[in-house]
4 protein chains.
Amino acid sequence: MATGVSLKKYKASHVIGRSIVNVFETLESEVRSYSRSWPVVFDRAVGSWLYGEDGRAYLDFFAGAGALNYGHNNPVLKRALLDYIERDGITHGLDMHTTAKRDFLESVQEVLLRPRGLDYRLMFPGPGGVNTVEAALKLARKVTGRESVINFTNAFHGMTLGALSVTGNSMKRGGAGIPLVHATPMPYDNYFDGQTPDFLFFEKLLEDSGSGLNEPAAVIVETVQGEGGINAARIEWLQGLSELCKQHGILLIVDDVQMGCGRTGPFFSFEPAGIQPDIVCLSKSIGGYGLPLALTLFKPELDVWEPGEHNGTFRGINPAFVAAGAALREYWTDDTLEKATLAKGEQIARTLDDLVSEFPSAELTAKGRGLARGLELASGELADRVAKAAFERGLLMETSGPEGQVVKMMPALTISEDEVEQGMTILVEAVRTVLR
Amino acid sequence: MATGVSLKKYKASHVIGRSIVNVFETLESEVRSYSRSWPVVFDRAVGSWLYGEDGRAYLDFFAGAGALNYGHNNPVLKRALLDYIERDGITHGLDMHTTAKRDFLESVQEVLLRPRGLDYRLMFPGPGGVNTVEAALKLARKVTGRESVINFTNAFHGMTLGALSVTGNSMKRGGAGIPLVHATPMPYDNYFDGQTPDFLFFEKLLEDSGSGLNEPAAVIVETVQGEGGINAARIEWLQGLSELCKQHGILLIVDDVQMGCGRTGPFFSFEPAGIQPDIVCLSKSIGGYGLPLALTLFKPELDVWEPGEHNGTFRGINPAFVAAGAALREYWTDDTLEKATLAKGEQIARTLDDLVSEFPSAELTAKGRGLARGLELASGELADRVAKAAFERGLLMETSGPEGQVVKMMPALTISEDEVEQGMTILVEAVRTVLR
Amino acid sequence: MATGVSLKKYKASHVIGRSIVNVFETLESEVRSYSRSWPVVFDRAVGSWLYGEDGRAYLDFFAGAGALNYGHNNPVLKRALLDYIERDGITHGLDMHTTAKRDFLESVQEVLLRPRGLDYRLMFPGPGGVNTVEAALKLARKVTGRESVINFTNAFHGMTLGALSVTGNSMKRGGAGIPLVHATPMPYDNYFDGQTPDFLFFEKLLEDSGSGLNEPAAVIVETVQGEGGINAARIEWLQGLSELCKQHGILLIVDDVQMGCGRTGPFFSFEPAGIQPDIVCLSKSIGGYGLPLALTLFKPELDVWEPGEHNGTFRGINPAFVAAGAALREYWTDDTLEKATLAKGEQIARTLDDLVSEFPSAELTAKGRGLARGLELASGELADRVAKAAFERGLLMETSGPEGQVVKMMPALTISEDEVEQGMTILVEAVRTVLR
Amino acid sequence: MATGVSLKKYKASHVIGRSIVNVFETLESEVRSYSRSWPVVFDRAVGSWLYGEDGRAYLDFFAGAGALNYGHNNPVLKRALLDYIERDGITHGLDMHTTAKRDFLESVQEVLLRPRGLDYRLMFPGPGGVNTVEAALKLARKVTGRESVINFTNAFHGMTLGALSVTGNSMKRGGAGIPLVHATPMPYDNYFDGQTPDFLFFEKLLEDSGSGLNEPAAVIVETVQGEGGINAARIEWLQGLSELCKQHGILLIVDDVQMGCGRTGPFFSFEPAGIQPDIVCLSKSIGGYGLPLALTLFKPELDVWEPGEHNGTFRGINPAFVAAGAALREYWTDDTLEKATLAKGEQIARTLDDLVSEFPSAELTAKGRGLARGLELASGELADRVAKAAFERGLLMETSGPEGQVVKMMPALTISEDEVEQGMTILVEAVRTVLR
């Protein structure tokens, strides 16, 4: 039963199935997308499994587009959340001090920052990924007095005007309705398949005072591009980028909204590179349970905000603080999860490599790092068919990349090896069905 | 206890009280604001009351800046929410079909739209107010092929680049770090104290092909400006604006993020004007329980989105759907709440009028509609002192307006008449303390 | 004969008359405009008369859109010019020092600035009006560090992107192909027919920190709007504007490209207001003979340019310096021309007033100051018919205003009273023909 | 004598030499530049020689920054000009039909377009280079409905906002005072010293729908970058660029303001590539005598202008038409000038090559094509010293390139071989003086 309040209505609507479909189709805008790929009405979810209202189970290799790293309705977090709601803890608190917020801040300090030697200030920029990206861009511009930002080919940072202006996808950019003009795209790692030295173009433009490149306030980068097609930048490329930014007095923003919170293994995706970005954007899985939460971290010397200069109504969702803090304390006080993520990532990678070998003429490419994995096919149409074949077998995966040509595997980090194996077995069948 | 997980740490931090304060001050950015006015660590909340961790109760005339119209932790919604979480209903669902979403959509259709004869399509633009504003602006530009937008003096629509560009406050605009250039401000109702006919300037600029005004895609308006200082536009002004937009083929966007959901009496604040905006923005209290949720409603013929052309991770927070649907069904199937809101609004208005009479030389002005009420003082400094004096007596109110000169009263709509009376008694004392 | 070089070709083309017409129609872009109103091939011109190649004479009440204040081929300037060219004086000199330039600079200092107590620096921004406007806007932005500019309804400042962004005409703005976004239009003097106090809107927006108006670097204004329809701002309005700018630290730019050089009587059109703009734009008649020349004058403390930060190939047209200097010395060492201009302006005004009285139901309005005069008709179509009827009688006038509803009379300042009378006689006939 | 009018004043000022210097220094803005390098007051000029007021002669390897391809005060053009002025031909004609304009148009048609098989429409966009660039950009945006433009590293197109936005030099861009945001720089030919295939980056960005590059309306290119440091694009690079534009539906604009009119040999610099740009910008030497004139040529199908949609006061400087037409007829009815230009270009190139060989460790590079030649030194400081040493020996040359590291040789095309030799002898001495 949905809510405990509308039992009669709920049952009634169940009976007249057609009208149920109708409310989605007649009321909801054409902008909806995932529901077109997966024509199911989902009802419940636990761990790596979603259940349709008909009871059918679906294995989740999608994980809320990276917002459910700890699985659906993780029992540890659920317990903390239910207890908090039950006891009438503050729910909505703007940026007021609350005990739940203090608890969370302490966890951030003790579990995330101190052990990694990171000295950051933290702001709550609003509930979602775009809020942290917009806050990061505003801060970088305010600090430097410059307006231009460097983004990368096939970047994805969100759909509000500031975030959209640093996003690559042309269809999404077109939705802005105004020219998006304050960012210049540079080639992401391996954009030219190794034909050119790293940063050849970017570095020359920066050094040449006649290049016509506006002096950038910041570079914004994803260490692995999720929406862009699971493109993993090499560690040395990230190091080079950090170095280049330092040399030219450009702030480095790592958008870890999708790849942070352990998606690639370590909590922060940039840890293996040994770099310390000036600004870090977190959202999605930071809330732990799938409730909206976002953080912007920045070096203390960048904290030039006026009180209230950036604000928003949903900066203090305390149930999210509770789940978020519980997740940090449960999963990040040692390296168990990190190691398991890397191991399961390798498990997927092996199967992908086998597929690449099995279809030598199919132009397959295995991509990714940690539990952000992708299989690139020769076209978006083929990838769609693979994802559809997998869905028919009970596996949820989306496609990404500019042409949608990459089948994307992002299961919960808490998935079991058996579940990974189940998923990969379905993937292999789906690929074989499509490519044979 | 905060979470059930970190009992030992939590207790420890309680003991070392100083370090607790420290985590707010040392880790959180200078951008924080409300916590500066209210130096309390809040712990619990029920209805119109918040409780500090020391157990002290505070009467809430702030209501999460309008996000808590049904009070803190409303028991009806709480029950629905706990049941839903307990039974492992989908938490995070992007734009997938879910039973909780269907339930909510049906409630929107049956409770909100059909009885009011409103024919709208609905999209979930992301979790908060800025998302619905950004989506509305993008859609208006896409539909019309124009880029310019008309906003009003002292408007507030949010802090992402698109929303900020239609916001008036100069300090907040300054935070953008780039010129905000795609909107032109027009005088809000009564901006010149009745010295000029309504729309004198706006209408002339529209009709004069040499005026230099870029042809607008849309007008975005709040029927009552909350952040702008509780400025309530007259019904006939709203009607005139709607008429003007129709004549010139300009889309009318009503930002009902703060003033919708019954804040001024009826569910939609524009109902008394008998107008039907082309696009309506909802957020804040639409989620019912204070969880992030936002809707963008628009006339069916405007639904020109491509699938996925606007998206976002937190468009499908199903616990928010559950609470939101429960709130609609609990409070909006008859006019009980609307009438009570208007009555309690009058209750406040009478006291404000008395204060104005009591201090004839103090330039006080009573403002507002429904349960969005304000007392304007001669300066921001006086208003701050009134709010501070009220806080010391246990009443939470914020100030608004360009100089912060308006003390803002926005209690939960579910507040009792007694609680209103308690609050107004404190307000009167606070005003007397400051002005005498 | 056209050039002394191509006699044979010239004669040949004369014979095959059709092909002559063809080269205008087949080679020149559709963008041409005046040649559509006046289907004549002009050949020679002296004083206030142009001659078609068939020898027909046309009385010129147009004067090169204000570029020929001293008449066509003024003999004094012609002599100076011929002598200079004959003796191989420098023709093209960029910003090199030349004797001709020194001569001109001394004349500016001695004839224009010193007697008026004006302390300005001078730059040569390029050959035409847009160059001085673009330089003025760039300088104002550089000095203030702000980007926004206030322009006025029905302003005209030119067709390059910077100048176009402060121009009102919607058709011309549309030609930009990008949103023109860095200026906000304010109502020009008398825009509301005296219904509102001067600067009501502008002043309120400036004083209200929540108005949403970006803080302006500068105001750019024409004292009489020529292209906008011969709208003459009152002296006290100009004084109020100057005062308002001072109070708010906004630079005042007077675009005197069309109304300077004596068009309204005094050399600078702002002299009667007793104000000293921060920046003054001159072009059109400053060159004297119709050769391209432009100046930007600004207060010495604004001279923050880096060497070469603004440049251009045609900043040093020395024959123009020669004619320009000669004009200053011939016409501006006493007040003879100024007085004559005012007298002839009155002469026109009387006839216009008579016409207004003669056709009480025709909604005629007589407009203007000095020798910038206009007769506003009820529509652009009527004004076109008047201009056409005048042309058929041998009088050249253009129309202006947003709908082209104003017949514009701008004869050379050197026109004789008799010639004025001839022109006005034709005008009266033309109006009677159209309105009766 | 300067003007025939102010003899007395002129002589007086000559006597008080100090005050003469003063008027340049006290009145003219700090923005002046060339006059700082060449502290001479020039008086007369003939052919390739300028004369200071003290009578000293200077050999001109600068040619008005390319505006004097036919030399100073070319006698053929001078005769035509004097005759025209003497006979009171129309001087200032806006876009009215005149006999002088017809003559010029016919010459363009017969001498330039028809023999080259070029089918273009022509507009007069205003007097100078920025006008034709601004008109070209406006037209490209209007035709395509797109706003973005691709420019190249180290491009120079002018100083008004539209032209500046496609210019590379950071100091000049900084003068805009607003973000210049509607262009994206791509690497010019050989920007990476042959390390990458041509158009590697540009092509990939165009083909990748996720690249984040806004779809361009146009590419604007100089075939040889003059201000950028005499960078000559290879013929095959221009061909590749033309092909790339065609494939992607992007308009190709060749800015031939400096390199057209025979500077590189053929009249249009793009002729050797066998390409036909969609839009061609001409100015500088098109006027022949150094008087301001500019043309924009475009394919007939692009002629979508509304009448008057782009205009300007100085579009019809008829004396410039006369000189321009005379120049076309004198120099472009056969290939004599083209061949001579190429021969004299080789003459310079040989000396430059010798210098490169003579100083193997000095990192000298010989650059250029036709009579646009440059010698790149290791630094701007060295190039300045060479130019200064040359000036002291009576040779005028400027420096260009982002660091001013290239000594630029652009004599009149009509220079004699002897004069070339004189100039190169001085250059060799100057280089030796500096480098030894």
# chains A, B, ... in the order shown; residues from 1 in each chain; ligands from 1

$ residues_around --residues "A:Gly325" --least-positions-apart "4" --cutoff "8 Å" --atoms "only C-alpha atoms" --output "PDB file with C-alpha atoms, in the first residue's frame"
ATOM      1  CA  ASP A 103      26.825  14.890  13.937  1.00  0.00           C
ATOM      2  CA  PHE A 104      27.220  14.848  10.191  1.00  0.00           C
ATOM      3  CA  SER A 107      31.700  12.629  10.633  1.00  0.00           C
ATOM      4  CA  VAL A 108      32.873  14.536   7.584  1.00  0.00           C
ATOM      5  CA  PHE A 321      22.366  14.285   7.313  1.00  0.00           C
ATOM      6  CA  ARG A 329      30.650   5.849   9.792  1.00  0.00           C
TER       7      ARG A 329
END

$ closest_atom_pairs --of "chain D" --to "chain C" --cutoff "6 Å" --atoms "only C-alpha atoms" --output "CSV"
residue,atom,partner,partner_atom,distance
D:Ala2,CA,C:Ala100,CA,5.8
D:Thr3,CA,C:Ala80,CA,4.7
D:Gly4,CA,C:Ala80,CA,5.4
D:Leu27,CA,C:Arg121,CA,5.1
D:Glu28,CA,C:Leu122,CA,4.9
D:Ser29,CA,C:Met123,CA,5.3
D:Glu30,CA,C:Pro307,CA,5.8
D:Val31,CA,C:Pro307,CA,4.1
D:Arg32,CA,C:Pro307,CA,5.5
D:Ser33,CA,C:Pro307,CA,5.2
D:Tyr34,CA,C:Met96,CA,5.6
D:Ser35,CA,C:Met96,CA,4.5
D:Val41,CA,C:Thr98,CA,4.7
D:Phe42,CA,C:Thr98,CA,4.4
D:Asp43,CA,C:Thr99,CA,5.4
D:Arg44,CA,C:Gly89,CA,4.3
D:Ala45,CA,C:Ile90,CA,5.4
D:Ala80,CA,C:Thr3,CA,4.7
D:Asp88,CA,C:Arg44,CA,5.5
D:Gly89,CA,C:Arg44,CA,4.2
D:Ile90,CA,C:Arg44,CA,4.8
D:His92,CA,C:Gly290,CA,5.2
D:Asp95,CA,C:Tyr34,CA,5.9
D:Met96,CA,C:Ser35,CA,4.5
D:His97,CA,C:Val41,CA,4.8
D:Thr98,CA,C:Phe42,CA,4.4
D:Thr99,CA,C:Asp43,CA,5.4
D:Ala100,CA,C:Ala2,CA,5.7
D:Arg121,CA,C:Leu27,CA,5.1
D:Leu122,CA,C:Glu28,CA,4.9
D:Met123,CA,C:Ser29,CA,5.3
D:Glu134,CA,C:Thr160,CA,5.9
D:Lys138,CA,C:Ala176,CA,5.2
D:Arg141,CA,C:Gly177,CA,4.9
D:Lys142,CA,C:Gly177,CA,5.2
D:Glu147,CA,C:Ile178,CA,5.6
D:Thr160,CA,C:Glu134,CA,5.9
D:Leu161,CA,C:Gly162,CA,5.2
D:Gly162,CA,C:Leu161,CA,5.2
D:Lys172,CA,C:Glu309,CA,5.1
D:Ala176,CA,C:Lys138,CA,5.2
D:Gly177,CA,C:Arg141,CA,4.9
D:Ile178,CA,C:Glu147,CA,5.5
D:Gly290,CA,C:His92,CA,5.2
D:Trp305,CA,C:Val31,CA,5.2
D:Glu306,CA,C:Val31,CA,5.6
D:Pro307,CA,C:Val31,CA,4.2
D:Gly308,CA,C:Ser33,CA,5.2
D:Glu309,CA,C:Lys172,CA,5.1
D:Val322,CA,C:Thr3,CA,5.9

$ atom_distance --atom1 "atom CA of A:Gln239" --atom2 "atom CA of A:Val219"
13.3 Å

$ select_by_dssp --residues "stretch 86-273 of chain D" --states "alpha helix (DSSP H)" --output "ChimeraX atom specification"
/D:86,99-107,114-116,129-144,161-164,170-174,200-207,235-248

$ closest_residue --among "C:Met410, C:Ile250, C:Leu352, C:Leu337" --to "C:Leu371" --atoms "only C-alpha atoms"
C:Met410

$ residues_around --residues "B:Lys339" --least-positions-apart "6" --cutoff "12 Å" --atoms "only C-alpha atoms" --output "list in words"
Gly262, Arg263, Thr264, Gly265, Pro266, Phe267, Tyr331, Trp332, Gly345, Glu346, Gly370, Leu371, Leu413 and Thr414 of chain B

$ residues_around --residues "stretch 243-247 of chain B" --least-positions-apart "3" --cutoff "12 Å" --atoms "only C-alpha atoms" --output "number ranges by chain"
B: 149-150, 198-200, 202-207, 215-221, 236-240, 250-253, 273-278

$ write_last_selection --atoms "N, CA, C and O atoms" --output "compact mmCIF listing (two decimals), in the first residue's frame"
# COMPACT_ATOMS: atom_id res chain seq x y z
N VAL B 149 13.78 37.85 -20.55
CA VAL B 149 12.72 37.61 -19.59
C VAL B 149 12.49 38.89 -18.78
O VAL B 149 13.43 39.62 -18.51
N ILE B 150 11.25 39.14 -18.47
CA ILE B 150 10.92 40.28 -17.60
C ILE B 150 10.76 39.77 -16.18
O ILE B 150 9.98 38.84 -15.94
N ASP B 198 -0.84 51.48 -13.55
CA ASP B 198 -0.21 50.16 -13.62
C ASP B 198 0.39 49.92 -15.00
O ASP B 198 -0.22 50.23 -16.02
N PHE B 199 1.58 49.36 -15.03
CA PHE B 199 2.23 48.92 -16.27
C PHE B 199 2.53 50.08 -17.23
O PHE B 199 2.74 49.85 -18.41
N LEU B 200 2.53 51.31 -16.72
CA LEU B 200 2.81 52.46 -17.58
C LEU B 200 4.08 52.22 -18.38
O LEU B 200 4.12 52.35 -19.61
N PHE B 202 6.09 49.41 -18.59
CA PHE B 202 6.19 48.12 -19.26
C PHE B 202 5.41 48.13 -20.58
O PHE B 202 5.90 47.73 -21.64
N GLU B 203 4.18 48.62 -20.50
CA GLU B 203 3.31 48.61 -21.68
C GLU B 203 3.89 49.50 -22.79
O GLU B 203 3.91 49.12 -23.96
N LYS B 204 4.40 50.66 -22.40
CA LYS B 204 4.95 51.57 -23.41
C LYS B 204 6.18 50.94 -24.08
O LYS B 204 6.32 51.01 -25.31
N LEU B 205 7.03 50.32 -23.28
CA LEU B 205 8.22 49.69 -23.86
C LEU B 205 7.84 48.57 -24.82
O LEU B 205 8.49 48.38 -25.85
N LEU B 206 6.80 47.84 -24.48
CA LEU B 206 6.36 46.75 -25.36
C LEU B 206 5.78 47.27 -26.67
O LEU B 206 5.98 46.69 -27.74
N GLU B 207 5.06 48.37 -26.57
CA GLU B 207 4.36 48.85 -27.76
C GLU B 207 5.24 49.68 -28.69
O GLU B 207 4.93 49.85 -29.86
N GLU B 215 12.40 41.71 -27.09
CA GLU B 215 11.08 41.07 -27.02
C GLU B 215 11.14 39.92 -26.00
O GLU B 215 11.94 39.00 -26.15
N PRO B 216 10.29 39.96 -24.97
CA PRO B 216 10.45 38.97 -23.91
C PRO B 216 9.81 37.62 -24.26
O PRO B 216 8.73 37.56 -24.85
N ALA B 217 10.48 36.56 -23.85
CA ALA B 217 9.89 35.23 -23.90
C ALA B 217 8.82 35.10 -22.83
O ALA B 217 7.75 34.55 -23.07
N ALA B 218 9.08 35.65 -21.65
CA ALA B 218 8.20 35.43 -20.53
C ALA B 218 8.32 36.52 -19.49
O ALA B 218 9.31 37.26 -19.46
N VAL B 219 7.28 36.61 -18.68
CA VAL B 219 7.30 37.40 -17.46
C VAL B 219 7.29 36.41 -16.30
O VAL B 219 6.51 35.46 -16.32
N ILE B 220 8.15 36.59 -15.33
CA ILE B 220 8.11 35.74 -14.14
C ILE B 220 7.75 36.59 -12.93
O ILE B 220 8.34 37.66 -12.73
N VAL B 221 6.76 36.13 -12.17
CA VAL B 221 6.24 36.98 -11.10
C VAL B 221 5.86 36.14 -9.88
O VAL B 221 5.42 34.99 -10.01
N GLU B 236 -6.17 42.97 -9.07
CA GLU B 236 -6.38 43.61 -10.39
C GLU B 236 -5.04 43.83 -11.11
O GLU B 236 -5.00 43.84 -12.34
N TRP B 237 -3.98 43.98 -10.36
CA TRP B 237 -2.67 44.12 -10.99
C TRP B 237 -2.28 42.79 -11.65
O TRP B 237 -1.78 42.77 -12.78
N LEU B 238 -2.52 41.70 -10.94
CA LEU B 238 -2.23 40.39 -11.52
C LEU B 238 -3.06 40.14 -12.77
O LEU B 238 -2.58 39.61 -13.77
N GLN B 239 -4.30 40.56 -12.71
CA GLN B 239 -5.17 40.40 -13.88
C GLN B 239 -4.66 41.24 -15.05
O GLN B 239 -4.63 40.79 -16.19
N GLY B 240 -4.26 42.45 -14.73
CA GLY B 240 -3.73 43.32 -15.78
C GLY B 240 -2.47 42.74 -16.40
O GLY B 240 -2.27 42.78 -17.62
N ILE B 250 3.40 36.98 -24.66
CA ILE B 250 4.47 36.69 -23.69
C ILE B 250 3.94 35.64 -22.71
O ILE B 250 2.81 35.75 -22.24
N LEU B 251 4.75 34.65 -22.41
CA LEU B 251 4.31 33.63 -21.46
C LEU B 251 4.35 34.18 -20.03
O LEU B 251 5.30 34.87 -19.65
N LEU B 252 3.34 33.85 -19.26
CA LEU B 252 3.27 34.28 -17.86
C LEU B 252 3.67 33.12 -16.95
O LEU B 252 3.00 32.08 -16.93
N ILE B 253 4.75 33.31 -16.24
CA ILE B 253 5.22 32.31 -15.26
C ILE B 253 4.91 32.82 -13.86
O ILE B 253 5.38 33.90 -13.48
N ALA B 273 -7.32 35.78 -8.56
CA ALA B 273 -7.29 36.65 -9.73
C ALA B 273 -8.00 36.02 -10.93
O ALA B 273 -8.24 36.68 -11.94
N GLY B 274 -8.35 34.76 -10.79
CA GLY B 274 -9.05 34.11 -11.90
C GLY B 274 -8.20 33.96 -13.15
O GLY B 274 -8.73 33.80 -14.25
N ILE B 275 -6.90 34.04 -12.99
CA ILE B 275 -6.02 33.92 -14.17
C ILE B 275 -5.48 32.50 -14.25
O ILE B 275 -5.49 31.76 -13.27
N GLN B 276 -5.01 32.14 -15.44
CA GLN B 276 -4.35 30.84 -15.58
C GLN B 276 -2.97 31.05 -16.20
O GLN B 276 -2.82 31.19 -17.41
N PRO B 277 -1.95 31.08 -15.34
CA PRO B 277 -0.60 31.30 -15.88
C PRO B 277 -0.23 30.21 -16.89
O PRO B 277 -0.77 29.10 -16.84
N ASP B 278 0.67 30.55 -17.77
CA ASP B 278 1.14 29.55 -18.73
C ASP B 278 2.01 28.50 -18.05
O ASP B 278 1.99 27.33 -18.42

$ select_by_dssp --residues "stretch 8-162 of chain A" --states "strand (DSSP E or B)" --output "PyMOL selection string"
chain A and resi 28+42-47+49-52+57-60+72+89+92+98+121-123+148-152
